[in-house]
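Asker: Please see the structure below; I have some questions.
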Amino acid sequence: MKRIKTVETSLSGKYGPSSTKKLKNKALTKSHMQRLVSGHMYFTKVAVLPDIFNENAFSLSDVLEIIRPILSIHFNFMIETEWLINQYPCLCRETPITLVVGEKMGTDKNNLMRDAKKWENITVLGAKLPISFGTHHTKLSIFECETKIHVIISTANLIEENSNFFLIYPCVEDVRGSIEGYSSGNSLRYQESIALRQLWLKEVMCKWRSNKMGRTHAMPHVKSYVEIVDGVPRWILLTSANLSKAAWGDLQKNGTQLMIRSYELGVLITDPAKIKLPFDYPILKYTSKDEPWIYDKSYVDPDSLDREWIVSHK
C-alpha cells in the first residue's frame with residue numbers, strides 16, 4: 001500500500017489565495033473535512049481489501065473531494081492524464097493543473113504534453129536530469145483551496161495501476177532461502193535486460209508467500225490472475241500464459257492487428273466457492289531492500305544448500 005503524508009499551510013500575505021474563481025464546498029460536511037489531519041500519515045484505499053483495512057485510508061479521489069482545489073501542481077514519476085482528471089470532482093476538473101515529470105523513464109515530458117493537449121487547463125513541465133541514470137522520482141502534490149495550501153507527499157505514481165494492481169513474483173531472498181535454493185530460480189525466467197527497462201514494476205511487486213498451503217519455500221511456477229473484492233476472490237484464471245507479449249499478444253499496424261506468437265491454455269473459475277488461492281492473502285509487498293529474482297544475474301551469498309549462483313556471460 002502507498003503512504004501519504006499531508007501538510008496544511010495557512011495562506012497569508014503575498015501567498016494569499018489566487019485569483020482563480022472560487023469553488024463552493026457546500027457538499028462537504030465539517031466532520032468530513034476533519035478526516036484529513038495536518039502532519040498525519042495515511043494509507044491509500046485499496047479496493048480489494050476488506051473495509052476494516054481501509055479505515056482512515058483515502059483514495060486520490062477522496063482527497064480531492066475533501067480539498068476541492070482551485071489550483072493543483074503534481075510532481076511525479078508516472079502520470080496518466082485522463083485517469084488523473086477523472087479523480088477530480090466535476091467542479092474542479094477545469095481548474096489550473098500543472099504536471100511535472102522527468103525527461104526519461106517513467107512518463108516523459110513530450111509524451112505527457114501530447115496526451116494533455118485536449119485539456120486547456122493543464123500545463124506540462126519537465127525536470128532536467130543532467131546525470132546519467134537519474135530519474136524524476138518525486139511524488140508530491142500541492143493544492144490551493146480557498147483558505148489554505150495543502151502539501152501531500154506520497155509514494156504512489158499517478159496512474160490507475162497503483163490503485164489496485166499487484167504482481168506476486170519471488171524476490172532474491174525468496175529464492176535463496178527456498179527448498180532447492182538458487183536452482184529453483186531456473187524456472188523464473190525474468191531477464192536483467194528486461195528488468196532494467198521496466199524499473200517501475202518493482203513498485204507493484206509482492207513476495208511469494210504460501211504459508212497456508214505449506215509452500216512458501218517451494219518456488220512457484222503457477223500463472224494465476226485473480227480479482228479480489230472486499231477480501232473475497234471473485235474469479236481466478238489459471239493458465240500457462242506468462243506476462244509476455246508472446247503469450248498475450250502485441251498490438252501492431254497502428255492497433256489494427258493483435259499478434260500472438262505462442263499457444264497457451266487456461267481455465268477460468270468464476271464460482272468463489274471453488275477458488276483456492278495458491279498464495280497467502282493479504283499479500284506482502286517488497287521492502288526497499290528486496291529485489292526481484294533475475295535468473296541471468298550472479299548471486300554470491302550462499303543459498304539454503306550453501307551454493308552460489310554464478311552466471312557466465314560469453
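Ligands are numbered from 1 in the order shown, chains are lettered A, B, ... in the order of the C-alpha cells, and residues start at 1 in each chain.
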What's the 9 Å shell around Glu82 of chain A, counting only C-alpha atoms, without same-chain residues fewer than 5 positions away, as an mmCIF file with N, CA and C atoms, in the first residue's frame?

Answerer:
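Result file result.cif:
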```
data_model
loop_
_atom_site.group_PDB
_atom_site.id
_atom_site.type_symbol
_atom_site.label_atom_id
_atom_site.label_comp_id
_atom_site.auth_asym_id
_atom_site.auth_seq_id
_atom_site.Cartn_x
_atom_site.Cartn_y
_atom_site.Cartn_z
ATOM 1 N N GLN A 87 -10.189 11.737 -11.369
ATOM 2 C CA GLN A 87 -10.205 11.659 -9.899
ATOM 3 C C GLN A 87 -10.718 12.958 -9.274
ATOM 4 N N ASP A 115 -0.395 13.917 -24.626
ATOM 5 C CA ASP A 115 -1.621 13.388 -24.022
ATOM 6 C C ASP A 115 -2.497 14.485 -23.422
ATOM 7 N N ALA A 116 -1.864 15.574 -22.972
ATOM 8 C CA ALA A 116 -2.599 16.627 -22.257
ATOM 9 C C ALA A 116 -3.149 17.714 -23.177
#
```

Asker: List every residue of segment 110-275 of chain A that DSSP, applied to the backbone of this structure, assigns to strand (DSSP E), and report them as an MDAnalysis selection string.

Answerer: chainID A and resid 122:126 140:144 148:154 167:168 205:206 223:229 232:239 250:252 257:259 266:269

Asker: Just the residues within 9 Å of Val311 of chain A, please, counting only C-alpha atoms, with nothing from its chain fewer than 2 positions along; format it as a PyMOL selection string.

Answerer: chain A and resi 295-299+309+313

Asker: Rank A:Ile236, A:Met259, A:Ile153, A:Val300 by their smallest atom-to-atom distance to Lys274 of chain A, using only C-alpha atoms, and report the top residue only.

Answerer: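 Distance minimum relative to Lys274 of chain A lands on A:Ile236.
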
Asker: To one decimal in Å, tell me the separation between atom CA of Glu173 of chain A and atom CA of Gln198 of chain A.

Answerer: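 One can read the atom CA of Glu173 of chain A to atom CA of Gln198 of chain A distance as 20.6 Å.
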
Asker: I'd like to know which of A:Gly134, A:Pro278, A:Gly177, A:Pro292 is closest to Leu237 of chain A, using only C-alpha atoms.

Answerer: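 Residue with the minimum atom-to-atom distance to Leu237 of chain A: A:Pro278.
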
Asker: I want to know what sits within 9 Å of segment 265-273 of chain A, based on only C-alpha atoms, with residues of the same chain fewer than 4 positions away left out; could you give that as a list in words?

Answerer: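 Returned residues: Val232, Pro233, Arg234, Trp235, Ile236, Leu237, Leu238, Thr239, Ser240 and Ala241 of chain A.
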